[in-house]
>>> print(open('final_33.cif').read())   # mmCIF, C-alpha atoms
data_entry
#
loop_
_atom_site.label_atom_id
_atom_site.label_comp_id
_atom_site.auth_asym_id
_atom_site.auth_seq_id
_atom_site.Cartn_x
_atom_site.Cartn_y
_atom_site.Cartn_z
CA MET A 240 74.59 -66.18 -75.30
CA SER A 241 71.89 -64.17 -73.47
CA VAL A 242 69.13 -65.67 -71.33
CA ALA A 243 66.56 -64.57 -73.94
CA GLU A 244 68.38 -66.52 -76.64
CA LYS A 245 68.51 -69.64 -74.48
CA ILE A 246 64.72 -69.83 -73.99
CA ASP A 247 63.45 -72.55 -76.27
CA ALA A 248 60.25 -71.83 -78.20
CA LYS A 249 58.76 -75.15 -77.05
CA LEU A 250 59.29 -74.13 -73.42
CA VAL A 251 57.38 -70.90 -74.06
CA LYS A 252 54.60 -72.89 -75.75
CA ASP A 253 54.44 -75.34 -72.82
CA LEU A 254 54.15 -72.50 -70.32
CA ARG A 255 51.49 -70.86 -72.50
CA GLU A 256 49.43 -74.05 -72.42
CA LYS A 257 49.98 -74.51 -68.68
CA SER A 258 49.15 -70.94 -67.66
CA GLY A 259 46.94 -69.54 -70.41
CA ALA A 260 49.02 -66.34 -70.33
CA PRO A 261 50.04 -64.52 -73.54
CA MET A 262 53.20 -65.78 -75.26
CA GLY A 263 55.06 -62.53 -74.55
CA ASP A 264 54.34 -62.77 -70.83
CA CYS A 265 55.43 -66.41 -70.81
CA LEU A 266 58.72 -65.52 -72.47
CA LYS A 267 59.41 -62.72 -69.97
CA ALA A 268 58.62 -65.00 -67.02
CA LEU A 269 60.96 -67.67 -68.36
CA GLN A 270 63.69 -65.11 -68.89
CA GLU A 271 63.30 -63.91 -65.31
CA THR A 272 63.51 -67.46 -63.96
CA LYS A 273 66.30 -68.55 -66.31
CA GLY A 274 64.13 -71.08 -68.09
CA ASN A 275 62.61 -72.75 -65.01
CA ILE A 276 59.02 -73.42 -66.10
CA GLU A 277 57.65 -74.07 -62.58
CA ASP A 278 59.14 -70.85 -61.20
CA ALA A 279 57.91 -68.99 -64.28
CA PHE A 280 54.42 -70.35 -63.67
CA VAL A 281 54.52 -68.97 -60.11
CA VAL A 282 55.60 -65.58 -61.49
CA LEU A 283 52.64 -65.57 -63.89
CA ARG A 284 50.23 -66.60 -61.12
CA LYS A 285 51.37 -63.69 -58.96
CA ARG A 286 51.06 -61.25 -61.85
CA GLY A 287 47.65 -62.61 -62.70
CA MET A 288 46.41 -62.07 -59.14
CA ALA A 289 47.84 -58.53 -59.10
CA SER A 290 46.16 -57.76 -62.40
CA ALA A 291 42.85 -59.20 -61.18
CA GLN A 292 43.01 -57.13 -57.97
CA LYS A 293 43.52 -53.93 -59.97
CA LYS A 294 40.43 -54.69 -62.06
CA ALA A 295 38.30 -56.00 -59.18
CA ALA A 296 36.37 -52.72 -58.78
CA ARG A 297 35.21 -52.72 -62.38
CA THR A 298 31.52 -53.48 -62.98
CA THR A 299 30.73 -56.84 -64.56
CA ASN A 300 27.28 -56.65 -66.15
CA GLU A 301 27.93 -58.96 -69.11
CA GLY A 302 28.86 -62.62 -69.18
CA ALA A 303 27.23 -65.99 -69.76
CA VAL A 304 25.51 -68.91 -68.09
CA GLY A 305 27.21 -72.28 -68.36
CA THR A 306 26.01 -75.78 -67.57
CA TYR A 307 27.60 -79.14 -66.90
CA ILE A 308 25.96 -82.56 -66.61
CA HIS A 309 27.99 -85.33 -64.99
CA ALA A 310 27.78 -89.04 -64.13
CA GLY A 311 25.15 -90.04 -66.65
CA GLY A 312 22.82 -87.22 -65.74
CA LYS A 313 23.08 -87.73 -61.98
CA ILE A 314 24.69 -84.35 -61.23
CA GLY A 315 23.87 -81.04 -62.92
CA VAL A 316 25.34 -77.55 -62.51
CA MET A 317 24.33 -74.12 -63.77
CA VAL A 318 26.69 -71.19 -63.16
CA GLU A 319 26.70 -67.51 -64.13
CA VAL A 320 30.11 -65.94 -64.74
CA ASN A 321 30.29 -62.21 -65.46
CA CYS A 322 32.72 -59.97 -67.34
CA GLU A 323 32.71 -56.39 -68.61
CA SER A 324 31.74 -56.81 -72.27
CA ASP A 325 29.71 -59.10 -74.48
CA PHE A 326 32.72 -59.36 -76.79
CA VAL A 327 34.83 -61.03 -74.08
CA ALA A 328 31.89 -63.21 -73.00
CA ARG A 329 31.83 -64.73 -76.50
CA THR A 330 35.56 -65.50 -76.68
CA ASP A 331 36.82 -69.08 -76.58
CA ASP A 332 38.89 -68.29 -73.48
CA PHE A 333 35.88 -67.06 -71.51
CA GLN A 334 33.72 -69.99 -72.66
CA GLU A 335 36.49 -72.40 -71.63
CA LEU A 336 36.60 -70.80 -68.17
CA LEU A 337 32.82 -71.05 -67.89
CA LYS A 338 32.88 -74.78 -68.67
CA ASP A 339 35.81 -75.42 -66.34
CA ILE A 340 34.09 -73.70 -63.42
CA ALA A 341 30.81 -75.58 -64.03
CA MET A 342 32.68 -78.89 -64.18
CA HIS A 343 34.63 -78.03 -61.03
CA ILE A 344 31.42 -77.24 -59.12
CA ALA A 345 29.96 -80.60 -60.18
CA ALA A 346 33.02 -82.42 -58.87
CA SER A 347 33.84 -80.41 -55.73
CA ASP A 348 30.40 -79.37 -54.44
CA PRO A 349 31.28 -75.94 -52.96
CA ARG A 350 28.70 -74.34 -50.69
CA TYR A 351 29.67 -70.71 -51.16
CA ILE A 352 31.44 -68.58 -53.77
CA LYS A 353 33.91 -66.80 -51.46
CA PRO A 354 34.69 -66.60 -47.72
CA GLU A 355 32.70 -63.37 -47.33
CA ASP A 356 29.59 -65.27 -48.39
CA VAL A 357 29.76 -67.85 -45.58
CA SER A 358 26.76 -67.49 -43.30
CA ALA A 359 27.33 -66.20 -39.77
CA GLU A 360 25.85 -69.43 -38.39
CA ASP A 361 28.23 -71.67 -40.33
CA MET A 362 31.20 -69.51 -39.48
CA GLU A 363 30.50 -69.39 -35.75
CA ARG A 364 29.80 -73.13 -35.60
CA GLU A 365 33.11 -73.97 -37.26
CA LYS A 366 35.02 -71.48 -35.11
CA GLU A 367 33.60 -72.99 -31.93
CA ILE A 368 34.56 -76.51 -33.03
CA TYR A 369 38.10 -75.53 -34.04
CA ARG A 370 38.61 -73.33 -30.98
CA ALA A 371 37.62 -76.22 -28.70
CA GLN A 372 39.96 -78.58 -30.57
CA ALA A 373 42.84 -76.12 -30.33
CA ALA A 374 42.20 -75.35 -26.67
CA ALA A 375 42.23 -79.07 -25.86
CA THR A 376 45.91 -79.16 -26.85
CA GLY A 377 46.71 -77.02 -23.79
CA LYS A 378 48.68 -74.49 -25.84
CA PRO A 379 48.79 -70.75 -24.96
CA ALA A 380 45.91 -68.51 -26.13
CA ASN A 381 47.98 -66.81 -28.86
CA ILE A 382 48.93 -70.20 -30.33
CA VAL A 383 45.30 -71.33 -30.13
CA GLU A 384 44.23 -68.29 -32.15
CA ARG A 385 46.86 -69.02 -34.81
CA MET A 386 45.69 -72.61 -34.97
CA LEU A 387 42.13 -71.33 -35.36
CA GLU A 388 43.17 -69.11 -38.29
CA GLY A 389 44.77 -72.08 -40.02
CA LYS A 390 41.71 -74.26 -39.46
CA MET A 391 39.37 -71.57 -40.83
CA ALA A 392 41.56 -71.11 -43.91
CA LYS A 393 41.25 -74.86 -44.53
CA PHE A 394 37.48 -74.65 -43.98
CA TYR A 395 37.16 -71.88 -46.58
CA GLU A 396 39.21 -73.96 -49.01
CA GLU A 397 36.77 -76.82 -48.56
CA VAL A 398 33.49 -74.91 -48.91
CA CYS A 399 34.24 -71.77 -50.97
CA LEU A 400 34.46 -72.10 -54.74
CA LEU A 401 37.14 -69.43 -55.25
CA GLU A 402 39.42 -70.93 -52.58
CA GLN A 403 39.23 -74.54 -53.82
CA PRO A 404 42.11 -76.10 -55.79
CA PHE A 405 41.05 -76.47 -59.43
CA ILE A 406 40.24 -80.13 -60.09
CA LYS A 407 42.23 -80.15 -63.37
CA ASP A 408 45.29 -78.54 -61.75
CA GLN A 409 45.57 -78.76 -57.95
CA ALA A 410 48.41 -76.21 -57.93
CA VAL A 411 45.96 -73.49 -58.96
CA SER A 412 42.89 -72.28 -57.05
CA ILE A 413 39.71 -71.26 -58.87
CA LYS A 414 40.51 -67.67 -57.86
CA GLU A 415 43.89 -67.97 -59.57
CA LEU A 416 42.35 -69.67 -62.59
CA ILE A 417 40.04 -66.69 -63.01
CA ALA A 418 42.95 -64.28 -62.46
CA GLN A 419 44.81 -65.92 -65.35
CA LYS A 420 41.89 -65.19 -67.66
CA VAL A 421 41.61 -61.63 -66.31
CA GLY A 422 45.26 -61.09 -67.20
CA LYS A 423 44.79 -62.54 -70.65
CA LEU A 424 41.44 -60.95 -71.56
CA GLY A 425 41.99 -57.60 -69.83
CA GLU A 426 38.61 -57.48 -68.10
CA ASN A 427 37.34 -58.12 -64.61
CA ILE A 428 35.68 -61.54 -64.28
CA THR A 429 33.46 -62.63 -61.41
CA VAL A 430 31.32 -65.61 -60.46
CA ARG A 431 27.86 -64.33 -59.64
CA ARG A 432 25.88 -67.44 -58.71
CA PHE A 433 25.55 -71.16 -59.21
CA ALA A 434 23.21 -74.07 -58.55
CA ARG A 435 24.16 -77.73 -58.17
CA PHE A 436 21.71 -80.62 -58.20
CA LYS A 437 22.32 -84.30 -57.50
CA VAL A 438 19.71 -86.97 -58.16
CA GLY A 439 18.42 -88.49 -54.93
CA ALA A 440 20.13 -85.93 -52.64
CA PRO A 441 17.91 -84.56 -49.86
CA ASP A 442 18.82 -80.98 -50.76
CA TRP A 443 20.68 -78.93 -53.37
CA THR A 444 23.21 -76.11 -53.38
CA VAL A 445 22.30 -72.63 -54.56
CA SER A 446 24.81 -69.86 -53.91
CA GLN A 447 24.94 -66.17 -54.85
CA THR A 448 27.71 -63.79 -53.87
CA LYS A 449 26.71 -61.20 -51.28
CA ALA A 450 28.16 -58.30 -53.27
CA VAL A 451 25.65 -58.95 -56.04
CA GLU A 452 22.78 -59.30 -53.60
CA ALA A 453 23.66 -55.96 -52.00
CA ALA A 454 23.89 -54.26 -55.39
CA ALA A 455 20.49 -55.60 -56.37
CA GLU A 456 18.73 -54.18 -53.33
#
>>> encode(input="final_33.cif", output="structure tokens")
Amino acid sequence: MSVAEKIDAKLVKDLREKSGAPMGDCLKALQETKGNIEDAFVVLRKRGMASAQKKAARTTNEGAVGTYIHAGGKIGVMVEVNCESDFVARTDDFQELLKDIAMHIAASDPRYIKPEDVSAEDMEREKEIYRAQAAATGKPANIVERMLEGKMAKFYEEVCLLEQPFIKDQAVSIKELIAQKVGKLGENITVRRFARFKVGAPDWTVSQTKAVEAAAE
């Protein structure tokens, strides 16, 4: 019996629900990994990221604005997610992504969309703190720099929306979640901007990706 014949239809369906990838892609990934659903999921994640990178240069002038209200009206989020066509923007898959991202922002309170958007002041402040911490260990300069890189990666994961683990599935980052939809819908998808408000908080978060700001000038 071949590997293809051994792949149970329910396994393909489970992977489809877990990844959001087309059934055919799920079947191929399961065949490659001999029916291991976790390994197949990793394969699909890698392919999704590769597909998203290929489409990253495409212009995204369509899309939709989504909202999410949480905790009895105490937290509110508005987010704009862009794609290439109005047709894709109206699909259930895109609308699901829009709602998931808005809900994630409400729960995780990111400050920026991606690492490139982090202000120079915030970046330098964090680097100085982490560099001092690493230097205090007494390790050689090259080790200190590697420790600094690791600390900054963790910092980006904490404050940048695209780097954060998705609240509904910690094994997937928001960037990977978007990549899954890019692979399925066949269009580039980007987060343009968002705003998050919390009742009683002294300030609020408003973030817009620098690439969009530059294009608008």
>>> resolve_selection(input="final_33.cif", expression="the PyMOL selection byres ((chain A and resi 269) around 10)", output="list in words")
Val242, Ala243, Lys245, Ile246, Asp247, Leu250, Val251, Leu254, Gly263, Asp264, Cys265, Leu266, Lys267, Ala268, Gln270, Glu271, Thr272, Lys273, Gly274, Asn275, Ile276, Glu277, Asp278, Ala279, Phe280, Val282 and Leu283 of chain A
>>> residues_around(input="final_33.cif", residues="range 444-449 of chain A", least_positions_apart="2", cutoff="8 Å", atoms="only C-alpha atoms", output="ChimeraX atom specification")
/A:348,350-353,355-356,430-436,442,451-453
>>> residues_near_point(input="final_33.cif", point="(47.5, -65.5, -72.3)", cutoff="8 Å", atoms="all atoms listed in the file", output="list in words")
Arg255, Ser258, Gly259, Ala260, Pro261, Met262, Asp264, Gln419, Lys420, Gly422, Lys423 and Leu424 of chain A
>>> write_last_selection(input="final_33.cif", atoms="C-alpha atoms", output="PDB file, in the frame of the given file")
ATOM      1  CA  ARG A 255      51.490 -70.860 -72.500  1.00  0.00           C
ATOM      2  CA  SER A 258      49.150 -70.940 -67.660  1.00  0.00           C
ATOM      3  CA  GLY A 259      46.940 -69.540 -70.410  1.00  0.00           C
ATOM      4  CA  ALA A 260      49.020 -66.340 -70.330  1.00  0.00           C
ATOM      5  CA  PRO A 261      50.040 -64.520 -73.540  1.00  0.00           C
ATOM      6  CA  MET A 262      53.200 -65.780 -75.260  1.00  0.00           C
ATOM      7  CA  ASP A 264      54.340 -62.770 -70.830  1.00  0.00           C
ATOM      8  CA  GLN A 419      44.810 -65.920 -65.350  1.00  0.00           C
ATOM      9  CA  LYS A 420      41.890 -65.190 -67.660  1.00  0.00           C
ATOM     10  CA  GLY A 422      45.260 -61.090 -67.200  1.00  0.00           C
ATOM     11  CA  LYS A 423      44.790 -62.540 -70.650  1.00  0.00           C
ATOM     12  CA  LEU A 424      41.440 -60.950 -71.560  1.00  0.00           C
TER      13      LEU A 424
END
>>> resolve_selection(input="final_33.cif", expression="the PyMOL selection byres ((chain A and resi 328-340) around 10)", output="ChimeraX atom specification")
/A:259,301-307,316-327,341-346,400-401,405-407,413,416-417,419-421,423-424,428,430,433
>>> residues_around(input="final_33.cif", residues="range 389-391 of chain A", least_positions_apart="2", cutoff="8 Å", atoms="all atoms listed in the file", output="compact mmCIF listing (two decimals) with C-alpha atoms, in the coordinates of the input")
# COMPACT_ATOMS: atom_id res chain seq x y z
CA GLU A 365 33.11 -73.97 -37.26
CA LYS A 366 35.02 -71.48 -35.11
CA TYR A 369 38.10 -75.53 -34.04
CA ARG A 385 46.86 -69.02 -34.81
CA MET A 386 45.69 -72.61 -34.97
CA LEU A 387 42.13 -71.33 -35.36
CA LYS A 393 41.25 -74.86 -44.53
CA PHE A 394 37.48 -74.65 -43.98
CA TYR A 395 37.16 -71.88 -46.58
>>> atom_distance(input="final_33.cif", atom1="CA of Glu388 in chain A", atom2="CA of Ala291 in chain A")
24.9 Å
>>> closest_residue(input="final_33.cif", among="A:Ala380, A:Ile314, A:Val398, A:Ala371", to="Pro349 in chain A", atoms="all atoms listed in the file")
A:Val398
>>> closest_residue(input="final_33.cif", among="A:Glu397, A:Asp361, A:Glu426, A:Glu256", to="Gly287 in chain A", atoms="all atoms listed in the file")
A:Glu426
>>> atom_distance(input="final_33.cif", atom1="CA of Glu402 in chain A", atom2="CA of Asn427 in chain A")
17.7 Å
>>> atom_distance(input="final_33.cif", atom1="CA of Gly315 in chain A", atom2="CA of Val438 in chain A")
8.7 Å
>>> closest_residue(input="final_33.cif", among="A:Cys399, A:Gln409, A:Arg284, A:Lys252", to="Ser358 in chain A", atoms="only C-alpha atoms")
A:Cys399
